[in-house]
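A.B. asks: Provided below: query34.pdb, containing PDB, C-alpha atoms.
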ATOM      1  CA  MET A   8       1.723 -16.347   9.085
ATOM      2  CA  THR A   9       2.827 -15.283  12.529
ATOM      3  CA  ASN A  10       2.821 -12.029  14.403
ATOM      4  CA  GLY A  11       4.934 -11.759  17.546
ATOM      5  CA  ALA A  12       8.412 -11.613  18.965
ATOM      6  CA  GLY A  13       9.630 -14.562  16.908
ATOM      7  CA  VAL A  14       8.986 -16.532  13.750
ATOM      8  CA  ALA A  15       8.490 -20.291  14.083
ATOM      9  CA  ALA A  16      11.565 -22.245  13.067
ATOM     10  CA  ASP A  17       9.663 -24.271  10.479
ATOM     11  CA  PHE A  18       8.661 -21.007   8.782
ATOM     12  CA  ALA A  19      12.268 -20.570   7.677
ATOM     13  CA  ALA A  20      13.082 -24.252   7.362
ATOM     14  CA  HIS A  21      11.186 -25.021   4.166
ATOM     15  CA  PHE A  22      11.015 -21.701   2.355
ATOM     16  CA  ALA A  23      13.105 -18.596   1.731
ATOM     17  CA  ALA A  24      11.848 -16.554   4.677
ATOM     18  CA  TYR A  25      11.296 -12.799   4.835
ATOM     19  CA  VAL A  26       9.592 -10.485   7.319
ATOM     20  CA  VAL A  27       8.645  -6.898   7.950
ATOM     21  CA  ILE A  28       9.928  -5.749  11.341
ATOM     22  CA  GLY A  29       8.425  -2.876  13.296
ATOM     23  CA  ASN A  30       6.568  -1.838  16.440
ATOM     24  CA  PRO A  31       3.624  -1.716  15.967
ATOM     25  CA  ILE A  32       3.501  -3.979  12.925
ATOM     26  CA  ALA A  33       0.177  -5.864  12.670
ATOM     27  CA  HIS A  34      -1.245  -3.119  10.413
ATOM     28  CA  SER A  35       1.483  -3.480   7.772
ATOM     29  CA  LYS A  36       0.343  -4.294   4.249
ATOM     30  CA  SER A  37       3.768  -5.712   3.323
ATOM     31  CA  PRO A  38       2.899  -9.428   3.796
ATOM     32  CA  ALA A  39      -0.078  -9.146   1.451
ATOM     33  CA  ILE A  40       1.995  -7.227  -1.094
ATOM     34  CA  HIS A  41       4.895  -9.693  -1.103
ATOM     35  CA  ALA A  42       2.603 -12.732  -1.127
ATOM     36  CA  ARG A  43       1.097 -11.408  -4.362
ATOM     37  CA  PHE A  44       4.545 -10.656  -5.794
ATOM     38  CA  ALA A  45       5.737 -14.191  -4.953
ATOM     39  CA  ALA A  46       2.670 -15.792  -6.511
ATOM     40  CA  ASP A  47       2.911 -13.707  -9.671
ATOM     41  CA  THR A  48       6.626 -14.465 -10.152
ATOM     42  CA  ALA A  49       6.552 -18.139  -9.021
ATOM     43  CA  GLN A  50       9.002 -17.479  -6.177
ATOM     44  CA  ASP A  51       9.172 -20.062  -3.402
ATOM     45  CA  MET A  52       9.142 -17.748  -0.407
ATOM     46  CA  ARG A  53       7.150 -16.816   2.671
ATOM     47  CA  TYR A  54       6.741 -13.410   4.271
ATOM     48  CA  ALA A  55       5.326 -12.455   7.696
ATOM     49  CA  HIS A  56       4.953  -9.686  10.264
ATOM     50  CA  LEU A  57       7.608  -9.652  12.994
ATOM     51  CA  LEU A  58       7.066  -7.529  16.088
ATOM     52  CA  ALA A  59      10.324  -6.413  17.724
ATOM     53  CA  PRO A  60      10.461  -5.029  21.277
ATOM     54  CA  LEU A  61      11.373  -1.343  21.292
ATOM     55  CA  ASP A  62      14.630  -2.239  23.058
ATOM     56  CA  GLY A  63      15.253  -5.468  21.158
ATOM     57  CA  PHE A  64      15.536  -4.806  17.436
ATOM     58  CA  ALA A  65      19.054  -6.204  16.931
ATOM     59  CA  ALA A  66      18.321  -9.324  19.011
ATOM     60  CA  THR A  67      15.125  -9.934  17.030
ATOM     61  CA  VAL A  68      16.992  -9.687  13.741
ATOM     62  CA  GLN A  69      19.775 -12.012  14.899
ATOM     63  CA  LYS A  70      17.234 -14.595  16.060
ATOM     64  CA  PHE A  71      15.485 -14.447  12.694
ATOM     65  CA  ILE A  72      18.810 -14.890  10.890
ATOM     66  CA  ALA A  73      19.611 -17.899  13.095
ATOM     67  CA  GLN A  74      16.271 -19.430  12.070
ATOM     68  CA  GLY A  75      17.223 -19.148   8.413
ATOM     69  CA  GLY A  76      15.817 -15.722   7.552
ATOM     70  CA  ARG A  77      16.947 -14.330   4.222
ATOM     71  CA  GLY A  78      15.814 -10.710   4.384
ATOM     72  CA  ALA A  79      13.639  -8.143   6.084
ATOM     73  CA  ASN A  80      11.813  -4.926   5.512
ATOM     74  CA  VAL A  81      12.180  -2.452   8.368
ATOM     75  CA  THR A  82       9.637   0.140   9.380
ATOM     76  CA  VAL A  83       8.951   2.545  12.247
ATOM     77  CA  PRO A  84      10.753   2.986  14.588
ATOM     78  CA  PHE A  85      13.762   0.893  13.576
ATOM     79  CA  LYS A  86      15.167   2.334  10.323
ATOM     80  CA  LEU A  87      18.073   4.043  12.081
ATOM     81  CA  GLU A  88      18.830   0.932  14.138
ATOM     82  CA  ALA A  89      18.812  -1.118  10.935
ATOM     83  CA  TYR A  90      21.320   1.329   9.485
ATOM     84  CA  ALA A  91      23.575   0.834  12.509
ATOM     85  CA  LEU A  92      23.168  -2.959  12.483
ATOM     86  CA  ALA A  93      24.136  -3.441   8.838
ATOM     87  CA  ASN A  94      27.795  -4.317   8.242
ATOM     88  CA  GLN A  95      27.551  -3.202   4.622
ATOM     89  CA  LEU A  96      25.442  -0.441   3.045
ATOM     90  CA  THR A  97      24.357   0.393  -0.474
ATOM     91  CA  THR A  98      25.093   3.868  -1.787
ATOM     92  CA  ARG A  99      21.457   4.865  -1.510
ATOM     93  CA  ALA A 100      21.276   3.630   2.090
ATOM     94  CA  GLN A 101      24.412   5.581   2.966
ATOM     95  CA  ALA A 102      22.925   8.699   1.399
ATOM     96  CA  ALA A 103      19.576   8.237   3.126
ATOM     97  CA  GLY A 104      21.163   7.589   6.517
ATOM     98  CA  ALA A 105      18.473   4.975   7.138
ATOM     99  CA  VAL A 106      17.710   1.404   6.088
ATOM    100  CA  ASN A 107      14.332  -0.076   5.197
ATOM    101  CA  THR A 108      15.569  -3.305   3.574
ATOM    102  CA  LEU A 109      17.994  -5.887   4.961
ATOM    103  CA  ILE A 110      19.610  -8.769   3.070
ATOM    104  CA  PHE A 111      21.184 -11.653   5.026
ATOM    105  CA  ASP A 112      23.845 -13.765   3.322
ATOM    106  CA  ASP A 113      26.436 -15.915   5.086
ATOM    107  CA  GLY A 114      27.153 -13.496   7.920
ATOM    108  CA  LEU A 115      26.637 -10.395   5.799
ATOM    109  CA  ILE A 116      23.906  -7.946   6.800
ATOM    110  CA  LEU A 117      23.474  -5.632   3.815
ATOM    111  CA  GLY A 118      21.422  -2.509   4.387
ATOM    112  CA  ASP A 119      19.516  -0.858   1.553
ATOM    113  CA  ASN A 120      16.910   1.882   1.229
ATOM    114  CA  THR A 121      14.234   1.471  -1.438
ATOM    115  CA  ASP A 122      11.964   4.373  -0.451
ATOM    116  CA  GLY A 123      13.390   6.868  -2.935
ATOM    117  CA  VAL A 124      13.353   4.410  -5.807
ATOM    118  CA  GLY A 125       9.752   3.618  -4.926
ATOM    119  CA  LEU A 126       8.808   7.298  -5.071
ATOM    120  CA  VAL A 127      10.539   7.866  -8.401
ATOM    121  CA  SER A 128       9.064   4.708  -9.943
ATOM    122  CA  ASP A 129       5.554   5.745  -8.956
ATOM    123  CA  ILE A 130       5.995   9.251 -10.330
ATOM    124  CA  VAL A 131       7.797   8.366 -13.550
ATOM    125  CA  ARG A 132       6.294   5.023 -14.509
ATOM    126  CA  ASN A 133       2.855   5.014 -12.915
ATOM    127  CA  ALA A 134       2.002   8.714 -13.101
ATOM    128  CA  GLY A 135       3.835   9.183 -16.408
ATOM    129  CA  PHE A 136       5.629  12.282 -15.124
ATOM    130  CA  ASP A 137       9.177  12.712 -16.484
ATOM    131  CA  LEU A 138      11.454  14.310 -13.875
ATOM    132  CA  ALA A 139      14.293  15.268 -16.222
ATOM    133  CA  GLY A 140      14.650  19.038 -16.480
ATOM    134  CA  LYS A 141      11.829  19.682 -13.995
ATOM    135  CA  LYS A 142      11.712  22.086 -11.035
ATOM    136  CA  ILE A 143      11.014  20.127  -7.855
ATOM    137  CA  LEU A 144      10.054  21.398  -4.402
ATOM    138  CA  LEU A 145      10.626  18.914  -1.576
ATOM    139  CA  LEU A 146       8.810  19.777   1.656
ATOM    140  CA  GLY A 147      10.545  18.688   4.851
ATOM    141  CA  ALA A 148      14.095  17.823   5.879
ATOM    142  CA  GLY A 149      13.525  14.738   8.026
ATOM    143  CA  GLY A 150      14.106  11.075   7.306
ATOM    144  CA  ALA A 151      11.400  10.797   4.657
ATOM    145  CA  ALA A 152      12.910  13.656   2.654
ATOM    146  CA  ARG A 153      16.465  12.474   3.158
ATOM    147  CA  GLY A 154      15.634   9.048   1.744
ATOM    148  CA  VAL A 155      14.431  10.355  -1.629
ATOM    149  CA  ILE A 156      16.938  13.095  -2.486
ATOM    150  CA  LEU A 157      19.528  10.904  -4.229
ATOM    151  CA  PRO A 158      17.006   9.041  -6.438
ATOM    152  CA  LEU A 159      15.426  12.379  -7.373
ATOM    153  CA  LEU A 160      18.817  13.859  -8.301
ATOM    154  CA  GLU A 161      19.584  10.802 -10.429
ATOM    155  CA  GLN A 162      16.619  11.801 -12.620
ATOM    156  CA  GLN A 163      18.523  15.000 -13.553
ATOM    157  CA  PRO A 164      15.980  17.666 -12.582
ATOM    158  CA  ALA A 165      16.748  21.278 -13.421
ATOM    159  CA  GLN A 166      16.171  22.288  -9.802
ATOM    160  CA  LEU A 167      15.568  20.559  -6.474
ATOM    161  CA  THR A 168      14.637  22.932  -3.654
ATOM    162  CA  ILE A 169      14.306  21.633  -0.094
ATOM    163  CA  ALA A 170      11.914  23.734   1.994
ATOM    164  CA  ASN A 171      11.703  23.321   5.744
ATOM    165  CA  ARG A 172      10.451  25.201   8.790
ATOM    166  CA  THR A 173      14.016  25.192  10.128
ATOM    167  CA  VAL A 174      16.103  26.276   7.133
ATOM    168  CA  ALA A 175      19.374  25.137   8.718
ATOM    169  CA  LYS A 176      18.238  21.507   8.516
ATOM    170  CA  ALA A 177      17.453  21.889   4.823
ATOM    171  CA  GLU A 178      20.834  23.547   4.269
ATOM    172  CA  GLU A 179      22.555  20.593   5.941
ATOM    173  CA  LEU A 180      20.952  18.283   3.379
ATOM    174  CA  VAL A 181      22.061  20.551   0.548
ATOM    175  CA  GLN A 182      25.656  20.331   1.772
ATOM    176  CA  GLN A 183      25.446  16.559   2.175
ATOM    177  CA  PHE A 184      23.956  15.847  -1.256
ATOM    178  CA  GLN A 185      25.815  18.483  -3.277
ATOM    179  CA  GLN A 186      28.329  15.829  -4.356
ATOM    180  CA  TYR A 187      25.584  13.956  -6.210
ATOM    181  CA  CYS A 188      24.521  16.927  -8.357
ATOM    182  CA  ALA A 189      25.327  16.814 -12.050
ATOM    183  CA  GLN A 190      26.147  20.530 -11.957
ATOM    184  CA  PRO A 191      26.243  23.385  -9.430
ATOM    185  CA  GLY A 192      23.069  25.216  -8.496
ATOM    186  CA  ILE A 193      20.611  22.334  -8.849
ATOM    187  CA  LEU A 194      20.154  21.813  -5.113
ATOM    188  CA  SER A 195      19.072  24.621  -2.781
ATOM    189  CA  ALA A 196      17.309  25.246   0.540
ATOM    190  CA  CYS A 197      14.706  27.724   1.725
ATOM    191  CA  SER A 198      11.989  28.269   4.316
ATOM    192  CA  PHE A 199       8.370  27.410   3.565
ATOM    193  CA  ALA A 200       7.625  31.136   3.350
ATOM    194  CA  ASP A 201      10.355  31.720   0.759
ATOM    195  CA  ALA A 202       8.954  29.114  -1.654
ATOM    196  CA  THR A 203       6.614  31.210  -3.780
ATOM    197  CA  GLN A 204       7.343  30.422  -7.434
ATOM    198  CA  PRO A 205       5.502  27.682  -9.375
ATOM    199  CA  PHE A 206       7.149  24.244  -9.397
ATOM    200  CA  ASP A 207       6.584  21.320 -11.752
ATOM    201  CA  LEU A 208       6.498  18.869  -8.837
ATOM    202  CA  VAL A 209       5.808  19.504  -5.146
ATOM    203  CA  ILE A 210       6.445  16.552  -2.807
ATOM    204  CA  ASN A 211       5.129  16.590   0.739
ATOM    205  CA  ALA A 212       7.652  14.630   2.835
ATOM    206  CA  THR A 213       6.512  16.178   6.134
ATOM    207  CA  SER A 214       4.339  14.355   8.659
ATOM    208  CA  ALA A 215       1.718  17.132   8.597
ATOM    209  CA  SER A 216      -0.842  14.985   6.790
ATOM    210  CA  LEU A 217      -0.878  12.520   9.691
ATOM    211  CA  GLN A 218      -2.348  15.318  11.827
ATOM    212  CA  ALA A 219      -4.595  16.569   8.984
ATOM    213  CA  GLN A 220      -2.464  19.709   8.841
ATOM    214  CA  LEU A 221      -1.008  21.672   5.951
ATOM    215  CA  PRO A 222       2.598  22.848   5.730
ATOM    216  CA  PRO A 223       2.604  26.683   5.610
ATOM    217  CA  LEU A 224       2.802  26.856   1.828
ATOM    218  CA  ALA A 225       2.144  29.712  -0.558
ATOM    219  CA  ALA A 226      -0.547  28.913  -3.097
ATOM    220  CA  GLY A 227       1.837  30.199  -5.773
ATOM    221  CA  VAL A 228       3.995  27.051  -5.719
ATOM    222  CA  PHE A 229       1.170  25.269  -7.553
ATOM    223  CA  SER A 230      -0.080  25.729 -11.103
ATOM    224  CA  PRO A 231      -2.323  23.686 -13.406
ATOM    225  CA  ALA A 232       0.857  22.014 -14.698
ATOM    226  CA  THR A 233       2.058  21.007 -11.215
ATOM    227  CA  LEU A 234       1.981  17.473  -9.831
ATOM    228  CA  ALA A 235       1.422  17.627  -6.045
ATOM    229  CA  TYR A 236       2.558  14.384  -4.409
ATOM    230  CA  ASP A 237       1.884  13.474  -0.785
ATOM    231  CA  MET A 238       3.891  10.552   0.630
ATOM    232  CA  MET A 239       0.942   9.785   2.922
ATOM    233  CA  TYR A 240      -2.108   7.928   1.647
ATOM    234  CA  GLY A 241      -5.612   7.076   2.780
ATOM    235  CA  SER A 242      -9.198   6.643   1.694
ATOM    236  CA  GLN A 243      -9.584  10.407   1.197
ATOM    237  CA  PRO A 244      -7.266  13.081  -0.264
ATOM    238  CA  THR A 245      -4.999  14.638   2.346
ATOM    239  CA  VAL A 246      -5.282  18.295   3.343
ATOM    240  CA  PHE A 247      -2.162  18.959   1.255
ATOM    241  CA  MET A 248      -3.760  17.337  -1.779
ATOM    242  CA  GLN A 249      -6.987  19.259  -1.272
ATOM    243  CA  PHE A 250      -5.120  22.562  -1.061
ATOM    244  CA  ALA A 251      -3.048  21.781  -4.166
ATOM    245  CA  ALA A 252      -6.130  20.701  -6.132
ATOM    246  CA  ALA A 253      -7.836  23.959  -5.222
ATOM    247  CA  GLN A 254      -4.970  25.748  -7.001
ATOM    248  CA  GLY A 255      -5.533  23.616 -10.111
ATOM    249  CA  ALA A 256      -2.681  21.146  -9.533
ATOM    250  CA  HIS A 257      -2.815  17.436 -10.296
ATOM    251  CA  VAL A 258      -2.591  15.372  -7.095
ATOM    252  CA  ARG A 259      -1.346  11.910  -6.130
ATOM    253  CA  ASP A 260      -0.920  10.164  -2.803
ATOM    254  CA  GLY A 261       1.825   7.792  -1.625
ATOM    255  CA  LEU A 262       0.122   4.422  -2.062
ATOM    256  CA  GLY A 263       2.049   3.797  -5.257
ATOM    257  CA  MET A 264       5.292   4.631  -3.452
ATOM    258  CA  LEU A 265       4.462   1.949  -0.864
ATOM    259  CA  VAL A 266       3.942  -0.663  -3.568
ATOM    260  CA  GLU A 267       6.944   0.351  -5.660
ATOM    261  CA  GLN A 268       9.403   0.417  -2.735
ATOM    262  CA  ALA A 269       8.204  -3.100  -1.894
ATOM    263  CA  ALA A 270       8.753  -4.173  -5.499
ATOM    264  CA  GLU A 271      12.302  -2.828  -5.372
ATOM    265  CA  ALA A 272      12.986  -4.755  -2.147
ATOM    266  CA  PHE A 273      11.567  -7.898  -3.776
ATOM    267  CA  PHE A 274      13.907  -7.378  -6.726
ATOM    268  CA  VAL A 275      16.897  -6.901  -4.402
ATOM    269  CA  TRP A 276      16.089 -10.161  -2.614
ATOM    270  CA  ARG A 277      14.963 -12.380  -5.482
ATOM    271  CA  GLY A 278      16.459 -10.881  -8.643
ATOM    272  CA  VAL A 279      12.996 -10.735 -10.231
ATOM    273  CA  ARG A 280      11.061  -7.521 -10.750
ATOM    274  CA  PRO A 281       7.327  -8.015 -10.113
ATOM    275  CA  HIS A 282       4.512  -6.193 -11.873
ATOM    276  CA  THR A 283       2.788  -3.767  -9.516
ATOM    277  CA  ASP A 284      -0.463  -2.726 -11.221
ATOM    278  CA  ALA A 285      -2.670  -5.475  -9.773
ATOM    279  CA  VAL A 286      -1.295  -5.041  -6.252
ATOM    280  CA  PHE A 287      -1.830  -1.292  -6.410
ATOM    281  CA  ALA A 288      -5.405  -1.698  -7.627
ATOM    282  CA  ALA A 289      -6.187  -4.252  -4.903
ATOM    283  CA  LEU A 290      -4.821  -2.012  -2.141
ATOM    284  CA  ARG A 291      -6.667   1.020  -3.493
ATOM    285  CA  ALA A 292      -9.925  -0.920  -3.467
ATOM    286  CA  GLN A 293      -9.381  -1.807   0.204
ATOM    287  CA  LEU A 294      -8.925   1.794   1.387
TER
END
Just dump the structure as structure tokens.
C.D. replies:
Amino acid sequence: MTNGAGVAADFAAHFAAYVVIGNPIAHSKSPAIHARFAADTAQDMRYAHLLAPLDGFAATVQKFIAQGGRGANVTVPFKLEAYALANQLTTRAQAAGAVNTLIFDDGLILGDNTDGVGLVSDIVRNAGFDLAGKKILLLGAGGAARGVILPLLEQQPAQLTIANRTVAKAEELVQQFQQYCAQPGILSACSFADATQPFDLVINATSASLQAQLPPLAAGVFSPATLAYDMMYGSQPTVFMQFAAAQGAHVRDGLGMLVEQAAEAFFVWRGVRPHTDAVFAALRAQL
């Protein structure tokens, strides 16, 4: 498999070809994940890294399409450019305002976003945590948070509160996603300081864990019945997870979200839904 500005023409000539596009990209686990999915489902496909210049995302995509590419995952820093490049968007991509999955079909560039579905699948199926009727606190109002709001609302929680340092940004998301609420009052916004009551689920969608920092949270948002979910993952629990565990909460990192969003993209491309348990276990063992 190749890593660079282009994918060899014979890569796409003999197989259904897919890539993950980003900058940097060599670290991505997506090729290993999709290779396992393809093997397990007997799909005749190949998947590689594809490094795009910071000023050349669209040109890189068009070249890959010309070589016979069928689809792509998109990662940092190109999700907004992928959104702009797509000439058709799924409802969840429109809601997220960003695209992490592209489908190429006879001139069509369809943009999708599988991040939120990946999060919900990991929480509901893998963690066995039913979201219906639950009180959810979502930390952050950036792209990561935006991408999961619609799939969370589709699970019919009793309450979804978006907490952010700048409350106005959280309020903007409330206004945008109000139309997707089953009934009034489900979606609300607040500052970190104003979130003090216990929640059933607390999701950290901020980037604080990347800097080993903790969002300014009150300990009272956690209880022994709370699931504390950090979208980040690593070999050790994040600072957020450590803080939540100290309050008695159950904790989970975002590795399962990574695997499940990939499985959803695979399903979108190939029409086959792969099993994820073995891939998750293999990745966990490598951390």
A.B. asks: Excluding Leu126 (chain A) and any residue of its chain fewer than 3 positions from it, enumerate the residues within 6 Å of it, using all atoms listed in the file, and give them as JSON, numbers by chain.
C.D. replies: {"A": [123, 129, 264]}
A.B. asks: If we count all atoms listed in the file and set the cut-off at 9 Å, which residues sit around Leu61 (chain A), ignoring sequence neighbours fewer than 6 positions away in its own chain? Please answer as a CSV table (one decimal) with C-alpha atoms, in the coordinates of the input.
C.D. replies:
chain,number,residue,atom,x,y,z
A,29,GLY,CA,8.4,-2.9,13.3
A,30,ASN,CA,6.6,-1.8,16.4
A,84,PRO,CA,10.8,3.0,14.6
A,85,PHE,CA,13.8,0.9,13.6
A.B. asks: Under the PyMOL selection byres ((chain A and resi 168) around 7), which residues of this model are included? Write them out as a PDB file with C-alpha atoms, in the coordinates of the input.
C.D. replies:
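Dumped to out-v2.pdb:
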ATOM      1  CA  ILE A 143      11.014  20.127  -7.855  1.00  0.00           C
ATOM      2  CA  LEU A 144      10.054  21.398  -4.402  1.00  0.00           C
ATOM      3  CA  LEU A 145      10.626  18.914  -1.576  1.00  0.00           C
ATOM      4  CA  GLN A 166      16.171  22.288  -9.802  1.00  0.00           C
ATOM      5  CA  LEU A 167      15.568  20.559  -6.474  1.00  0.00           C
ATOM      6  CA  ILE A 169      14.306  21.633  -0.094  1.00  0.00           C
ATOM      7  CA  ALA A 170      11.914  23.734   1.994  1.00  0.00           C
ATOM      8  CA  LEU A 194      20.154  21.813  -5.113  1.00  0.00           C
ATOM      9  CA  SER A 195      19.072  24.621  -2.781  1.00  0.00           C
ATOM     10  CA  ALA A 196      17.309  25.246   0.540  1.00  0.00           C
TER      11      ALA A 196
END
A.B. asks: So, counting all atoms listed in the file, which residue among A:Asp112, A:Asp237, A:Asp119, A:Asp201 is closest to Ala152 (chain A)?
C.D. replies: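 Result for the nearest residue to Ala152 (chain A): A:Asp237.
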A.B. asks: Given the file shown, determine the residues that the PyMOL selection byres ((chain A and resi 224) around 10) selects; report them as a PyMOL selection string.
C.D. replies: chain A and resi 146+170+198-203+221-223+225-229+247+250-251
A.B. asks: Given the choices A:Ala59, A:Leu294, A:Leu96, A:Ala219, which gets closest to Ser242 (chain A) if the distance is worked out from only C-alpha atoms?
C.D. replies: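 Of all the options, A:Leu294 lies closest to Ser242 (chain A).
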A.B. asks: How far is it from CA of Thr173 (chain A) to CA of Gly147 (chain A), in Å with one decimal?
C.D. replies: 9.1 Å
A.B. asks: Mind pulling up the distance from CA of Asn133 (chain A) to CA of Ile193 (chain A)?
C.D. replies: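 CA of Ile193 (chain A) sits 25.1 Å away from CA of Asn133 (chain A).
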A.B. asks: What does the structure give for the distance between CA of Ala23 (chain A) and CA of Gln95 (chain A), in Å to one decimal?
C.D. replies: 21.3 Å
A.B. asks: Any chance you could work out the residue set of the PyMOL selection byres ((chain A and resi 217) around 12) here, as a list in words?
C.D. replies: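 On this input, the PyMOL selection byres ((chain A and resi 217) around 12) captures Asn211, Ala212, Thr213, Ser214, Ala215, Ser216, Gln218, Ala219, Gln220, Leu221, Pro222, Asp237, Met238, Met239, Tyr240, Gly241, Pro244, Thr245, Val246 and Phe247 of chain A.
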A.B. asks: Name all residues at most 7 Å from region 76-81 of chain A (count all atoms listed in the file; drop same-chain ones fewer than 3 positions away) and give them as a PyMOL selection string.
C.D. replies: chain A and resi 19+23-29+71-72+85-86+107-112
A.B. asks: Give me the residues near region 271-273 of chain A as an MDAnalysis selection string, where near means some atom within 8 Å (using only C-alpha atoms) and where sequence neighbours in that chain fewer than 4 positions away do not count.
C.D. replies: chainID A and resid 41 44 80 108 121 124:125 267 277:281
